[in-house]
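Novice: Below is a structure I'd like to ask you about.
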Amino acid sequence: MARCVKQVNTIIIEYQSMREKASKIQETFAQNLRENRRKCGFTQVQLAEKVEISTNYLAMVELARYIPRVEIIERLANALNVEIYELFVVPLSPAMELKKLNEAIVADLEDIVKKSVDQAVDKAFEKERKRQKRCK
């Protein structure tokens, strides 16, 4: 009996964990949908018309009350000109965005410096070869 109770408790805990994860995914989707709609300059009415759903349904999706079927998700992504996965990606915090941007800039600068140094060294070697040829 105690073993059954333990198994039931384990199942309940796993179920709650899955519901929390699903809820976070739904909230992320809703937030990304709303942000992408605004970036495209659409009102809820305009986007709903474009993907052939009701404005009320779209509002509920943006409030994370409903999660649409895959077919509707595809139509939303197409209307917003984004890949489907982009609607499910957790956005980075501003600090993480800046860190990522900083890393990209540093990497670009390192490449630029390396190429410049390589070109300068190549020019110097070429100049030295020409000088040595003249001296012979």
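Convention: chains lettered A, B, ... in structure tokens order; per-chain residue numbering from 1; ligands numbered from 1 as shown.
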Find the spatial neighbours of A:Ser54, counting only C-alpha atoms, within a cut-off of 12 Å - ignore same-chain residues fewer than 5 positions away - and output them as a PDB file with N, CA and C atoms, in the first residue's frame.
Specialist:
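And here's around26.pdb as it stands now:
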ATOM      1  N   GLN A  44      -4.788  43.429 -33.375  1.00  0.00           N
ATOM      2  CA  GLN A  44      -5.325  42.079 -33.231  1.00  0.00           C
ATOM      3  C   GLN A  44      -6.369  41.800 -34.311  1.00  0.00           C
ATOM      4  N   VAL A  45      -7.159  42.798 -34.622  1.00  0.00           N
ATOM      5  CA  VAL A  45      -8.194  42.641 -35.649  1.00  0.00           C
ATOM      6  C   VAL A  45      -7.561  42.314 -36.994  1.00  0.00           C
ATOM      7  N   GLN A  46      -6.517  43.052 -37.362  1.00  0.00           N
ATOM      8  CA  GLN A  46      -5.872  42.842 -38.662  1.00  0.00           C
ATOM      9  C   GLN A  46      -5.234  41.455 -38.751  1.00  0.00           C
ATOM     10  N   LEU A  47      -4.519  41.054 -37.700  1.00  0.00           N
ATOM     11  CA  LEU A  47      -3.868  39.745 -37.731  1.00  0.00           C
ATOM     12  C   LEU A  47      -4.907  38.630 -37.736  1.00  0.00           C
ATOM     13  N   ALA A  48      -5.944  38.780 -36.940  1.00  0.00           N
ATOM     14  CA  ALA A  48      -6.999  37.761 -36.897  1.00  0.00           C
ATOM     15  C   ALA A  48      -7.627  37.579 -38.280  1.00  0.00           C
ATOM     16  N   GLU A  49      -7.899  38.687 -38.960  1.00  0.00           N
ATOM     17  CA  GLU A  49      -8.467  38.611 -40.309  1.00  0.00           C
ATOM     18  C   GLU A  49      -7.502  37.927 -41.270  1.00  0.00           C
ATOM     19  N   ALA A  59      -7.008  37.190 -29.077  1.00  0.00           N
ATOM     20  CA  ALA A  59      -6.787  37.859 -27.784  1.00  0.00           C
ATOM     21  C   ALA A  59      -6.541  36.828 -26.685  1.00  0.00           C
ATOM     22  N   MET A  60      -7.301  35.751 -26.700  1.00  0.00           N
ATOM     23  CA  MET A  60      -7.128  34.705 -25.688  1.00  0.00           C
ATOM     24  C   MET A  60      -5.777  33.995 -25.845  1.00  0.00           C
ATOM     25  N   VAL A  61      -5.334  33.833 -27.084  1.00  0.00           N
ATOM     26  CA  VAL A  61      -4.016  33.233 -27.324  1.00  0.00           C
ATOM     27  C   VAL A  61      -2.932  34.161 -26.790  1.00  0.00           C
ATOM     28  N   PRO A  68      -3.130  27.602 -29.730  1.00  0.00           N
ATOM     29  CA  PRO A  68      -3.742  27.235 -31.012  1.00  0.00           C
ATOM     30  C   PRO A  68      -3.214  25.909 -31.569  1.00  0.00           C
ATOM     31  N   ILE A  72      -2.939  26.700 -37.142  1.00  0.00           N
ATOM     32  CA  ILE A  72      -3.084  28.129 -36.865  1.00  0.00           C
ATOM     33  C   ILE A  72      -1.738  28.743 -36.514  1.00  0.00           C
TER      34      ILE A  72
END
Novice: If you count only C-alpha atoms, which residues fall within 8 Å of A:Ala30, apart from same-chain ones fewer than 3 positions away, as a list in words?
Specialist: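 Here the qualifying residues turn out to be Gln26, Glu27, Leu33, Arg34, Val61, Glu62, Leu63 and Ala64 of chain A.
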Novice: Atoms to include: N, CA and C atoms. Write the selected residues as an mmCIF file, in the first residue's frame.
Specialist:
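result28.cif, freshly written:
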data_model
loop_
_atom_site.group_PDB
_atom_site.id
_atom_site.type_symbol
_atom_site.label_atom_id
_atom_site.label_comp_id
_atom_site.auth_asym_id
_atom_site.auth_seq_id
_atom_site.Cartn_x
_atom_site.Cartn_y
_atom_site.Cartn_z
ATOM 1 N N GLN A 26 3.462 28.052 -23.150
ATOM 2 C CA GLN A 26 2.290 28.793 -23.604
ATOM 3 C C GLN A 26 2.459 30.289 -23.361
ATOM 4 N N GLU A 27 3.009 30.665 -22.228
ATOM 5 C CA GLU A 27 3.244 32.077 -21.922
ATOM 6 C C GLU A 27 4.288 32.680 -22.852
ATOM 7 N N LEU A 33 4.171 36.063 -29.714
ATOM 8 C CA LEU A 33 3.148 36.363 -30.702
ATOM 9 C C LEU A 33 2.769 37.843 -30.631
ATOM 10 N N ARG A 34 2.512 38.315 -29.430
ATOM 11 C CA ARG A 34 2.117 39.714 -29.233
ATOM 12 C C ARG A 34 3.229 40.657 -29.705
ATOM 13 N N VAL A 61 -5.334 33.833 -27.084
ATOM 14 C CA VAL A 61 -4.016 33.233 -27.324
ATOM 15 C C VAL A 61 -2.932 34.161 -26.790
ATOM 16 N N GLU A 62 -3.059 35.466 -27.044
ATOM 17 C CA GLU A 62 -2.067 36.428 -26.572
ATOM 18 C C GLU A 62 -2.072 36.572 -25.050
ATOM 19 N N LEU A 63 -3.157 36.190 -24.419
ATOM 20 C CA LEU A 63 -3.220 36.200 -22.952
ATOM 21 C C LEU A 63 -2.817 34.850 -22.355
ATOM 22 N N ALA A 64 -2.397 33.930 -23.216
ATOM 23 C CA ALA A 64 -1.970 32.579 -22.812
ATOM 24 C C ALA A 64 -3.133 31.785 -22.203
#
Novice: Just the residues within 10 Å of A:Ser23, please, counting only C-alpha atoms, with nothing from its chain fewer than 6 positions along; format it as a ChimeraX atom specification.
Specialist: /A:17,29,64-65,67
Novice: Please provide the set of residues having any atom within 10 Å of A:Val90, restricted to only C-alpha atoms, with same-chain residues fewer than 2 positions apart removed, written as JSON, numbers by chain.
Specialist: {"A": [24, 25, 27, 28, 29, 31, 32, 86, 87, 88, 92, 93]}
Novice: Using atom CA of A:Ala124 and atom CA of A:Asp108 as the two end points, give the distance in Å to one decimal.
Specialist: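 Answer for the atom CA of A:Ala124 to atom CA of A:Asp108 separation: 24.2 Å.
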Novice: Could you write out, as a CSV table (one decimal) with N, CA and C atoms, in the first residue's frame, all the residues of chain A that DSSP marks as helix (DSSP H, G or I)?
Specialist:
chain,number,residue,atom,x,y,z
A,2,ALA,N,1.9,1.3,0.9
A,2,ALA,CA,2.8,2.4,0.9
A,2,ALA,C,3.5,2.7,-0.4
A,3,ARG,N,3.8,1.6,-1.1
A,3,ARG,CA,4.5,1.6,-2.3
A,3,ARG,C,3.6,2.3,-3.4
A,4,CYS,N,2.3,1.9,-3.4
A,4,CYS,CA,1.3,2.5,-4.3
A,4,CYS,C,1.2,4.0,-4.1
A,5,VAL,N,1.1,4.4,-2.8
A,5,VAL,CA,1.0,5.8,-2.5
A,5,VAL,C,2.2,6.6,-3.0
A,6,LYS,N,3.4,6.0,-2.8
A,6,LYS,CA,4.6,6.6,-3.2
A,6,LYS,C,4.6,6.8,-4.8
A,7,GLN,N,4.1,5.8,-5.5
A,7,GLN,CA,4.1,5.8,-7.0
A,7,GLN,C,3.1,6.9,-7.4
A,8,VAL,N,1.9,7.0,-6.7
A,8,VAL,CA,0.9,8.0,-7.1
A,8,VAL,C,1.5,9.4,-6.8
A,9,ASN,N,2.2,9.6,-5.7
A,9,ASN,CA,2.8,10.9,-5.4
A,9,ASN,C,3.8,11.2,-6.5
A,10,THR,N,4.6,10.3,-6.9
A,10,THR,CA,5.6,10.5,-7.9
A,10,THR,C,4.9,11.0,-9.2
A,11,ILE,N,3.8,10.3,-9.6
A,11,ILE,CA,3.1,10.6,-10.8
A,11,ILE,C,2.5,12.0,-10.7
A,12,ILE,N,2.0,12.3,-9.6
A,12,ILE,CA,1.4,13.7,-9.4
A,12,ILE,C,2.4,14.7,-9.5
A,13,ILE,N,3.6,14.5,-8.9
A,13,ILE,CA,4.7,15.5,-9.0
A,13,ILE,C,5.2,15.7,-10.4
A,14,GLU,N,5.3,14.6,-11.2
A,14,GLU,CA,5.7,14.6,-12.6
A,14,GLU,C,4.7,15.4,-13.4
A,15,TYR,N,3.4,15.1,-13.1
A,15,TYR,CA,2.3,15.7,-13.9
A,15,TYR,C,2.3,17.3,-13.6
A,16,GLN,N,2.5,17.6,-12.4
A,16,GLN,CA,2.6,19.1,-12.0
A,16,GLN,C,3.8,19.7,-12.7
A,17,SER,N,4.9,19.1,-12.8
A,17,SER,CA,6.1,19.6,-13.4
A,17,SER,C,5.8,19.8,-14.9
A,18,MET,N,5.2,18.8,-15.5
A,18,MET,CA,4.9,18.9,-17.0
A,18,MET,C,3.9,20.0,-17.2
A,19,ARG,N,2.9,20.2,-16.4
A,19,ARG,CA,1.9,21.3,-16.5
A,19,ARG,C,2.6,22.7,-16.4
A,20,GLU,N,3.6,22.8,-15.4
A,20,GLU,CA,4.3,24.0,-15.3
A,20,GLU,C,5.1,24.3,-16.5
A,21,LYS,N,5.8,23.3,-17.1
A,21,LYS,CA,6.6,23.5,-18.3
A,21,LYS,C,5.7,23.9,-19.5
A,22,ALA,N,4.5,23.2,-19.6
A,22,ALA,CA,3.6,23.6,-20.7
A,22,ALA,C,3.1,25.0,-20.5
A,23,SER,N,2.8,25.4,-19.3
A,23,SER,CA,2.3,26.7,-19.0
A,23,SER,C,3.4,27.8,-19.4
A,24,LYS,N,4.7,27.5,-19.1
A,24,LYS,CA,5.7,28.4,-19.5
A,24,LYS,C,5.9,28.5,-21.0
A,25,ILE,N,5.7,27.4,-21.7
A,25,ILE,CA,5.8,27.4,-23.2
A,25,ILE,C,4.7,28.2,-23.7
A,26,GLN,N,3.5,28.1,-23.1
A,26,GLN,CA,2.3,28.8,-23.6
A,26,GLN,C,2.5,30.3,-23.4
A,27,GLU,N,3.0,30.7,-22.2
A,27,GLU,CA,3.2,32.1,-21.9
A,27,GLU,C,4.3,32.7,-22.9
A,28,THR,N,5.3,31.9,-23.1
A,28,THR,CA,6.4,32.4,-24.0
A,28,THR,C,5.8,32.6,-25.4
A,29,PHE,N,5.0,31.6,-25.9
A,29,PHE,CA,4.4,31.7,-27.2
A,29,PHE,C,3.5,33.0,-27.3
A,30,ALA,N,2.7,33.2,-26.2
A,30,ALA,CA,1.8,34.3,-26.2
A,30,ALA,C,2.5,35.7,-26.2
A,31,GLN,N,3.6,35.7,-25.5
A,31,GLN,CA,4.4,37.0,-25.4
A,31,GLN,C,5.1,37.2,-26.8
A,32,ASN,N,5.7,36.2,-27.4
A,32,ASN,CA,6.4,36.3,-28.6
A,32,ASN,C,5.4,36.7,-29.8
A,33,LEU,N,4.2,36.1,-29.7
A,33,LEU,CA,3.1,36.4,-30.7
A,33,LEU,C,2.8,37.8,-30.6
A,34,ARG,N,2.5,38.3,-29.4
A,34,ARG,CA,2.1,39.7,-29.2
A,34,ARG,C,3.2,40.7,-29.7
A,35,GLU,N,4.5,40.4,-29.3
A,35,GLU,CA,5.6,41.2,-29.7
A,35,GLU,C,5.8,41.2,-31.2
A,36,ASN,N,5.7,40.1,-31.8
A,36,ASN,CA,5.9,40.0,-33.3
A,36,ASN,C,4.7,40.7,-34.0
A,37,ARG,N,3.5,40.6,-33.5
A,37,ARG,CA,2.4,41.3,-34.1
A,37,ARG,C,2.6,42.8,-34.1
A,38,ARG,N,3.1,43.2,-32.9
A,38,ARG,CA,3.3,44.7,-32.8
A,38,ARG,C,4.4,45.2,-33.7
A,39,LYS,N,5.5,44.4,-33.8
A,39,LYS,CA,6.6,44.7,-34.7
A,39,LYS,C,6.2,44.8,-36.1
A,44,GLN,N,-4.8,43.4,-33.4
A,44,GLN,CA,-5.3,42.1,-33.2
A,44,GLN,C,-6.4,41.8,-34.3
A,45,VAL,N,-7.2,42.8,-34.6
A,45,VAL,CA,-8.2,42.6,-35.6
A,45,VAL,C,-7.6,42.3,-37.0
A,46,GLN,N,-6.5,43.1,-37.4
A,46,GLN,CA,-5.9,42.8,-38.7
A,46,GLN,C,-5.2,41.5,-38.8
A,47,LEU,N,-4.5,41.1,-37.7
A,47,LEU,CA,-3.9,39.7,-37.7
A,47,LEU,C,-4.9,38.6,-37.7
A,48,ALA,N,-5.9,38.8,-36.9
A,48,ALA,CA,-7.0,37.8,-36.9
A,48,ALA,C,-7.6,37.6,-38.3
A,49,GLU,N,-7.9,38.7,-39.0
A,49,GLU,CA,-8.5,38.6,-40.3
A,49,GLU,C,-7.5,37.9,-41.3
A,50,LYS,N,-6.2,38.3,-41.1
A,50,LYS,CA,-5.2,37.7,-42.0
A,50,LYS,C,-5.1,36.2,-41.9
A,51,VAL,N,-5.2,35.7,-40.7
A,51,VAL,CA,-5.1,34.2,-40.5
A,51,VAL,C,-6.4,33.5,-40.3
A,55,THR,N,-11.1,37.6,-33.6
A,55,THR,CA,-10.3,38.5,-32.8
A,55,THR,C,-10.3,38.1,-31.3
A,56,ASN,N,-11.4,37.6,-30.8
A,56,ASN,CA,-11.5,37.1,-29.5
A,56,ASN,C,-10.5,35.9,-29.2
A,57,TYR,N,-10.5,35.0,-30.2
A,57,TYR,CA,-9.6,33.8,-30.1
A,57,TYR,C,-8.1,34.3,-30.0
A,58,LEU,N,-7.8,35.2,-30.9
A,58,LEU,CA,-6.4,35.8,-30.9
A,58,LEU,C,-6.1,36.4,-29.6
A,59,ALA,N,-7.0,37.2,-29.1
A,59,ALA,CA,-6.8,37.9,-27.8
A,59,ALA,C,-6.5,36.8,-26.7
A,60,MET,N,-7.3,35.8,-26.7
A,60,MET,CA,-7.1,34.7,-25.7
A,60,MET,C,-5.8,34.0,-25.8
A,61,VAL,N,-5.3,33.8,-27.1
A,61,VAL,CA,-4.0,33.2,-27.3
A,61,VAL,C,-2.9,34.2,-26.8
A,62,GLU,N,-3.1,35.5,-27.0
A,62,GLU,CA,-2.1,36.4,-26.6
A,62,GLU,C,-2.1,36.6,-25.0
A,70,VAL,N,-1.6,23.5,-34.5
A,70,VAL,CA,-0.4,23.7,-35.3
A,70,VAL,C,-0.8,24.4,-36.6
A,71,GLU,N,-1.9,24.1,-37.2
A,71,GLU,CA,-2.3,24.8,-38.5
A,71,GLU,C,-2.4,26.3,-38.2
A,72,ILE,N,-2.9,26.7,-37.1
A,72,ILE,CA,-3.1,28.1,-36.9
A,72,ILE,C,-1.7,28.7,-36.5
A,73,ILE,N,-0.9,28.0,-35.8
A,73,ILE,CA,0.4,28.5,-35.5
A,73,ILE,C,1.2,28.7,-36.8
A,74,GLU,N,1.1,27.8,-37.7
A,74,GLU,CA,1.8,28.0,-39.0
A,74,GLU,C,1.3,29.3,-39.7
A,75,ARG,N,0.0,29.5,-39.7
A,75,ARG,CA,-0.6,30.7,-40.4
A,75,ARG,C,-0.2,32.0,-39.7
A,76,LEU,N,-0.1,31.9,-38.3
A,76,LEU,CA,0.3,33.1,-37.6
A,76,LEU,C,1.8,33.4,-37.9
A,77,ALA,N,2.6,32.4,-37.9
A,77,ALA,CA,4.1,32.6,-38.3
A,77,ALA,C,4.2,33.1,-39.7
A,78,ASN,N,3.5,32.6,-40.6
A,78,ASN,CA,3.5,33.1,-42.0
A,78,ASN,C,3.1,34.5,-42.1
A,79,ALA,N,2.0,34.9,-41.4
A,79,ALA,CA,1.5,36.2,-41.4
A,79,ALA,C,2.5,37.2,-40.8
A,80,LEU,N,3.2,36.8,-39.8
A,80,LEU,CA,4.2,37.6,-39.1
A,80,LEU,C,5.6,37.5,-39.7
A,84,ILE,N,8.4,29.3,-37.3
A,84,ILE,CA,7.5,28.9,-36.2
A,84,ILE,C,8.3,28.8,-34.9
A,85,TYR,N,9.5,28.3,-34.9
A,85,TYR,CA,10.3,28.2,-33.7
A,85,TYR,C,10.5,29.5,-33.0
A,86,GLU,N,10.5,30.6,-33.7
A,86,GLU,CA,10.7,31.9,-33.1
A,86,GLU,C,9.6,32.3,-32.2
A,87,LEU,N,8.5,31.7,-32.4
A,87,LEU,CA,7.3,32.0,-31.5
A,87,LEU,C,7.4,31.3,-30.2
A,94,PRO,N,17.8,41.8,-21.5
A,94,PRO,CA,18.6,42.8,-22.1
A,94,PRO,C,20.1,42.7,-21.7
A,95,ALA,N,20.4,42.2,-20.5
A,95,ALA,CA,21.8,42.0,-20.1
A,95,ALA,C,22.4,40.9,-21.0
A,96,MET,N,21.7,39.9,-21.2
A,96,MET,CA,22.2,38.7,-22.0
A,96,MET,C,22.3,39.2,-23.5
A,97,GLU,N,21.4,40.0,-24.0
A,97,GLU,CA,21.5,40.5,-25.3
A,97,GLU,C,22.7,41.3,-25.5
A,98,LEU,N,23.0,42.2,-24.5
A,98,LEU,CA,24.2,43.0,-24.6
A,98,LEU,C,25.5,42.2,-24.5
A,99,LYS,N,25.5,41.2,-23.7
A,99,LYS,CA,26.6,40.3,-23.6
A,99,LYS,C,26.9,39.6,-24.9
A,100,LYS,N,25.8,39.1,-25.5
A,100,LYS,CA,25.9,38.4,-26.8
A,100,LYS,C,26.4,39.3,-27.9
A,101,LEU,N,25.9,40.5,-27.9
A,101,LEU,CA,26.3,41.5,-28.9
A,101,LEU,C,27.8,41.9,-28.6
A,102,ASN,N,28.2,42.1,-27.4
A,102,ASN,CA,29.6,42.4,-27.0
A,102,ASN,C,30.5,41.3,-27.5
A,103,GLU,N,30.1,40.0,-27.3
A,103,GLU,CA,30.9,38.9,-27.8
A,103,GLU,C,31.1,38.9,-29.3
A,104,ALA,N,30.0,39.2,-30.0
A,104,ALA,CA,30.0,39.2,-31.4
A,104,ALA,C,30.9,40.3,-31.9
A,105,ILE,N,30.8,41.5,-31.3
A,105,ILE,CA,31.7,42.6,-31.7
A,105,ILE,C,33.1,42.3,-31.4
A,106,VAL,N,33.4,41.7,-30.3
A,106,VAL,CA,34.8,41.4,-29.9
A,106,VAL,C,35.4,40.4,-30.9
A,107,ALA,N,34.6,39.4,-31.3
A,107,ALA,CA,35.0,38.4,-32.3
A,107,ALA,C,35.2,39.0,-33.6
A,108,ASP,N,34.4,40.0,-34.0
A,108,ASP,CA,34.5,40.7,-35.3
A,108,ASP,C,35.8,41.5,-35.3
A,109,LEU,N,36.0,42.2,-34.2
A,109,LEU,CA,37.2,43.0,-34.1
A,109,LEU,C,38.5,42.2,-34.1
A,110,GLU,N,38.5,41.0,-33.4
A,110,GLU,CA,39.6,40.1,-33.5
A,110,GLU,C,39.9,39.7,-34.9
A,111,ASP,N,38.9,39.4,-35.6
A,111,ASP,CA,39.0,39.0,-37.1
A,111,ASP,C,39.6,40.1,-37.9
A,112,ILE,N,39.1,41.3,-37.7
A,112,ILE,CA,39.6,42.5,-38.4
A,112,ILE,C,41.1,42.7,-38.1
A,113,VAL,N,41.4,42.7,-36.8
A,113,VAL,CA,42.8,42.9,-36.4
A,113,VAL,C,43.7,41.8,-37.0
A,114,LYS,N,43.3,40.6,-36.9
A,114,LYS,CA,44.1,39.5,-37.4
A,114,LYS,C,44.3,39.6,-38.9
A,115,LYS,N,43.3,40.0,-39.7
A,115,LYS,CA,43.4,40.2,-41.1
A,115,LYS,C,44.3,41.4,-41.4
A,116,SER,N,44.2,42.4,-40.7
A,116,SER,CA,45.0,43.6,-40.9
A,116,SER,C,46.5,43.3,-40.6
A,117,VAL,N,46.8,42.6,-39.5
A,117,VAL,CA,48.1,42.2,-39.2
A,117,VAL,C,48.7,41.2,-40.2
A,118,ASP,N,47.9,40.3,-40.7
A,118,ASP,CA,48.3,39.3,-41.7
A,118,ASP,C,48.7,40.1,-43.0
A,119,GLN,N,47.8,41.1,-43.4
A,119,GLN,CA,48.1,41.9,-44.6
A,119,GLN,C,49.4,42.7,-44.4
A,120,ALA,N,49.6,43.3,-43.2
A,120,ALA,CA,50.8,44.1,-43.0
A,120,ALA,C,52.0,43.2,-43.0
A,121,VAL,N,51.9,42.0,-42.5
A,121,VAL,CA,53.1,41.1,-42.5
A,121,VAL,C,53.4,40.7,-43.9
A,122,ASP,N,52.3,40.3,-44.7
A,122,ASP,CA,52.5,39.9,-46.0
A,122,ASP,C,53.2,41.0,-46.9
A,123,LYS,N,52.7,42.3,-46.7
A,123,LYS,CA,53.3,43.4,-47.4
A,123,LYS,C,54.8,43.6,-47.0
A,124,ALA,N,55.0,43.5,-45.7
A,124,ALA,CA,56.4,43.7,-45.3
A,124,ALA,C,57.3,42.6,-45.9
A,125,PHE,N,56.9,41.3,-45.9
A,125,PHE,CA,57.7,40.3,-46.5
A,125,PHE,C,57.9,40.5,-48.0
A,126,GLU,N,56.8,40.9,-48.7
A,126,GLU,CA,56.9,41.2,-50.1
A,126,GLU,C,57.9,42.3,-50.4
A,127,LYS,N,57.8,43.4,-49.6
A,127,LYS,CA,58.7,44.5,-49.7
A,127,LYS,C,60.2,44.1,-49.5
A,128,GLU,N,60.4,43.2,-48.5
A,128,GLU,CA,61.7,42.7,-48.2
A,128,GLU,C,62.2,41.8,-49.3
A,129,ARG,N,61.4,41.0,-49.9
A,129,ARG,CA,61.8,40.1,-51.0
A,129,ARG,C,62.2,41.0,-52.2
A,130,LYS,N,61.4,42.0,-52.5
A,130,LYS,CA,61.8,42.9,-53.6
A,130,LYS,C,63.1,43.6,-53.3
A,131,ARG,N,63.3,44.1,-52.1
A,131,ARG,CA,64.5,44.8,-51.8
A,131,ARG,C,65.7,43.8,-51.9
A,132,GLN,N,65.6,42.6,-51.5
A,132,GLN,CA,66.7,41.6,-51.6
A,132,GLN,C,67.0,41.3,-53.0
A,133,LYS,N,65.9,41.2,-53.9
A,133,LYS,CA,66.2,40.9,-55.3
A,133,LYS,C,67.0,42.1,-55.9
A,134,ARG,N,66.7,43.3,-55.6
A,134,ARG,CA,67.4,44.4,-56.1
A,134,ARG,C,68.8,44.5,-55.7
A,135,CYS,N,69.1,44.0,-54.5
A,135,CYS,CA,70.4,44.0,-53.9
A,135,CYS,C,71.3,42.9,-54.5
